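Asker: Just passing along the structure, written as structure tokens.
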Amino acid sequence: MEKVDWKVEGMTCTNCALSINRYLEKGGLKDIKVNFISGEISFELNGIKTKEDLIKGISDLGYKVVSNGEQATNECKANLRWYAIGYRWSFSNHLQRFLFCLPFTLALMLHMLPWPTNFLMNPWTQLAICIPVYLVGMSYFGVSAIKSLRHGIPNMNVLIAIGATAAFVYSLIGSIGNLGMNYIFFETTATIITLVFLGEWVEHKAIGSTQKELNKLISRQKVMANMIAFDEEHKELIFSVENINLHVGDLILIKTGEQVPIDCNILWGDVHVNESLLTGESKPVHKIKKDLLIGGSLITDGTVKAQVTAIGKDTVLSNILTLVKQAQSEKPPIQQMADKISTVFVPAVLGIAILTFLINYFAFDISGSSALMRSIAVLVISCPCAMGLATPAAIAVGLGRAAKNGILFRNAKSLELFNNITTVVFDKTGTLTKGQMTISNWKNDIDETLFKQIIFSMEKYSNHPIAKAITINWKINNPIYWKKIEEIKGLGIKAEDAEGNIYQLGAYKMAAMHTADEKHTAYLIKNDALIGWFDMEDEIRSEAKEVISYLHSKNIETILLSGDNLERTKNIADKLGITIYYATKTPEEKLHIIEQLNNESPVAMVGDGINDAPALAKATIGISMSEATQLAVQSAQVVLMNNGIKHLPLALGLGKHTFITIKRNLFWAFIYNIIAIPIAAIGLLQPGLASLAMGFSDVVLAINSIWLNYKKVV
């Protein structure tokens with residue numbers, strides 16, 4: 001199935017997103033993700049509907065699909081042409097609509113002041129003042145309402161349009177029939193429209209700020225670069241080009257104070273780089289020849305020449321943005337109830353509004369005008385957007401703060417799952433230790449040069465931290481070319497040379513038949529005979545002790561799960577205060593242990609190697625290091641970008657507090673509607689105040705979500 005990613009203009013609220021989501025579901029599309037905050041949608045085509053059909057359908061709903069080359073404004077552009085009076089009422093945002101409507105609305109409110117405003121007591125004067133406001137309101141709310149009803153997906157604008165129109169038509173009938181000022185409510189129509197525009201604008205500003213951290217990342221994507229070229233005499237020429245015009249292999253010059261324009265490897269020079277945008281660490285990192293520079297980071301000192309290694313969607317920054325956006329569009333389990341209620345909310349409110357009028361008018365002998373005002377108040381006070389906003393607003397802030405600190409969540413579900421974690425399981429090498437191993441001792445029963453040559457030639461095919469250390473420390477220029485070689489997960493490497501000799505290099509389990517000495521890091525076996533071993537030392541990460549202590553203070557159990565031997569595993573566990581540890585475990589055994597622990601309580605697994613991938617995938621939450629193998633990163637739900645576990649407590653804290661924020665938002669959204677609708681129904685709330693309260697109910701939730709960006713979570 002083809003995956004489709006689109007940008008949609010005009011999708012400005014959760015009800016918009018829900019309308020598009022329901023339309024796509026009706027079309028039978030799969031894996032639908034709609035993110036109203038970023039204005040992006042994605043889904044899988046099923047062959048039933050074409051892209052053209054879907055674009056037209058979304059357009060009929062009142063939204064516009066824009067191509068990748070267009071710039072979305074993220075503002076509704078639904079306009080209604082009123083040919084009868086020869087004007088086209090068109091505004092680019094809600095602030096402009098509010099400012100246009102405000103003078104007319106204030107004029108209509110003058111007749112309520114104590115001093116004489118006799119000219120406003122004329123209903124036809126009020127009608128003339130109200131018409132511009134009504135036309136602007138209906139060009140937005142009315143068009144949106146009609147389009148949503150046409151597709152059987154009524155949205156919040158249906159409530160606003162019906163409420164404003166009911167007051168307008170009732171007043172118009174009162175004017176035509178000369179029924180008196182008790183039947184004139186043009187100011188109600190204008191107030192509803194004007195205040196809802198104000199509320200929508202304030203809401204959009206508040207929601208926009210939830211994207212603050214993500215927007216910082218986006219702003220770093222397009223910058224100028226100093227491209228190096230050569231003339232016919234092979235002299236260097238420097239051209240200033242946009243980084244989007246660079247290609248893999250191009251040479252670039254980066255100087256002090258400049259932003260790294262794109263991912264590249266240093267060919268000449270050395271620099272200090274601030275990677276805080278990606279890792280949350282403001283301390284400059286020293287980079288030398290062959291080191292990777294990540295696009296978006298900042299050169300604080302030095303000058304380098306570098307070669308472009310990735311462009312477009314393949315860059316680290318682009319992948320980070322993709323991960324964050326995907327996570328934003330995911331729906332965690334807690335949102336499912338709110339979505340189900342939102343789908344029936346508008347029809348239910350319409351029913352309640354009708355019952356409000358009938359019960360007040362017939363059962364309580366309330367006048368027709370008062371019963372209508374109560375019914376209108378019910379329509380405009382109701383706020384399905386608040387329920388829909390509760391989850392995505394909190395998630396947007398939580399994910400943004402996480403990304404700012406070098407924590408990437410693959411999906412929103414992980415944020416919620418962090419709330420229940422009671423156990424954290426750690427791999428040892430590269431996770432609790434730095435993984436920058438040094439060879440401390442070795443023994444060989446064959447020629448030492450040959451011994452090192454064999455080990456180097458085998459380890460060069462592995463990504464394990466031990467293998468990387470060997471290839472750095474014992475690098476040779478004449479490696480053995482193997483006839484066959486394979487890596488056995490959790491054990492080591494097996495190879496066959498041109499003469500048919502079989503070599504095995506790995507953990508004690510591989511050499512158990514040949515020696516009782518299990519203290520060494522790795523053993524080399526040739527044709528079922530032990531011919532040597534070596535030991536390696538690894539330094540514990542400076543932050544490991546502090547992180548373990550923090551977890552213990554939160555009553556979170558810690559477990560060390562390693563493939564290394566018992567002595568070294570126990571030594572690390574004792575130094576860090578971990579009382580439960582497992583040693584010499586294969587990937588299958590690690591998977592089985594995680595499975596058992598998961599059955600008892602939710603477990604987070606932190607690892608970085610290929611041996612950890614199955615366990616990371618099986619854990620309630622898999623947490624991988626950014627320098628981990630690609631398989632480990634793909635198997636994890638959370639990636640720590642700051643080269644260590646320093647921000648693990650922050651990841652746990654953000655997960656828990658984001659979930660708390662979502663629960664609070666949902667509570668206030670439900671309580672608001674449960675309390676506000678009855679109050680409006682019994683006449684304690686005028687439509688004007690109701691429309692203002694409706695608009696600002698969303699703002700309250702947005703502010704509560706934004707607070708997550710500043711509150712202490714660790």
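Ordering of the structure tokens sets the chain letters (A, B, ...), residue numbers begin anew at 1 in every chain, and ligands are numbered from 1 in the order given.
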Would you list, as a VMD selection string, the residues of stretch 341-457 of chain A that end up in alpha helix (DSSP H) under DSSP run on this structure's backbone?

Answerer: chain A and resid 341 to 358 368 to 381 384 to 404 412 to 417 448 to 457

Asker: If we count only C-alpha atoms and set the cut-off at 8 Å, which residues sit around A:Ala615, ignoring sequence neighbours fewer than 3 positions away in its own chain? Please answer as a list in words.

Answerer: Pro587, Lys590, Leu591, Ile594, Met605, Asp612, Lys618, Ala619 and Gly622 of chain A

Asker: Tell me which protein, DNA and RNA residues are within 8 Å of A:Thr584, counting only C-alpha atoms, leaving out same-chain ones fewer than 4 positions away, and put them as a list in words.

Answerer: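 The neighbour list is Ala507, Lys509, Ser562, Gly563, Asp564, Asn565 and Leu566 of chain A.
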
Asker: Could you work out how far atom CA of A:Met224 lies from atom CA of A:Thr303, giving the answer in Å with one decimal?

Answerer: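 For atom CA of A:Thr303 relative to atom CA of A:Met224, the distance reads 16.1 Å.
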
Asker: Write out as a PyMOL selection string which residues come within 12 Å of A:Gly62 when counting only C-alpha atoms, dropping same-chain ones fewer than 2 positions away.

Answerer: chain A and resi 8-12+16-17+19-20+55-60+64-65+75-80+139-151+153+155+157

Asker: Mind dumping the selected residues with C-alpha atoms as a tab-separated table (two decimals), in the first residue's frame?

Answerer:
chain	number	residue	atom	x	y	z
A	8	VAL	CA	-3.72	20.58	4.93
A	9	GLU	CA	-4.65	24.26	5.18
A	10	GLY	CA	-7.55	25.30	7.36
A	11	MET	CA	-7.29	22.45	9.89
A	12	THR	CA	-7.16	24.66	12.95
A	16	CYS	CA	-11.37	19.87	12.10
A	17	ALA	CA	-8.98	16.97	12.61
A	19	SER	CA	-13.88	15.61	10.67
A	20	ILE	CA	-11.01	14.77	8.30
A	55	ILE	CA	-8.33	15.87	-2.29
A	56	LYS	CA	-11.77	16.81	-3.60
A	57	GLY	CA	-13.46	15.26	-0.56
A	58	ILE	CA	-11.22	17.13	1.86
A	59	SER	CA	-11.84	20.32	-0.13
A	60	ASP	CA	-15.60	19.75	0.12
A	64	LYS	CA	-7.30	22.50	1.25
A	65	VAL	CA	-4.59	19.95	0.54
A	75	GLU	CA	-5.65	29.25	8.76
A	76	CYS	CA	-9.14	28.48	7.41
A	77	LYS	CA	-9.69	30.08	4.01
A	78	ALA	CA	-13.31	29.09	3.52
A	79	ASN	CA	-14.94	32.12	1.91
A	80	LEU	CA	-18.50	32.73	0.80
A	139	SER	CA	-18.78	33.04	5.53
A	140	TYR	CA	-16.71	31.10	8.03
A	141	PHE	CA	-18.93	29.22	10.50
A	142	GLY	CA	-21.82	28.78	8.07
A	143	VAL	CA	-19.77	27.48	5.15
A	144	SER	CA	-17.87	25.12	7.44
A	145	ALA	CA	-21.12	23.91	9.04
A	146	ILE	CA	-22.84	23.26	5.71
A	147	LYS	CA	-19.89	21.34	4.31
A	148	SER	CA	-19.60	19.19	7.43
A	149	LEU	CA	-23.34	18.40	7.39
A	150	ARG	CA	-23.21	17.56	3.69
A	151	HIS	CA	-20.73	14.78	4.52
A	153	ILE	CA	-19.80	14.81	9.93
A	155	ASN	CA	-18.53	19.89	13.55
A	157	ASN	CA	-19.25	25.30	13.74

Asker: Got a sec: who's within 10 Å of stretch 467-472 of chain A, counting only C-alpha atoms, leaving out chain neighbours fewer than 4 positions off, as JSON, numbers by chain?

Answerer: {"A": [435, 436, 437, 438, 439, 452, 455, 456, 457, 458, 459, 460, 461, 462, 463, 476, 492, 536]}
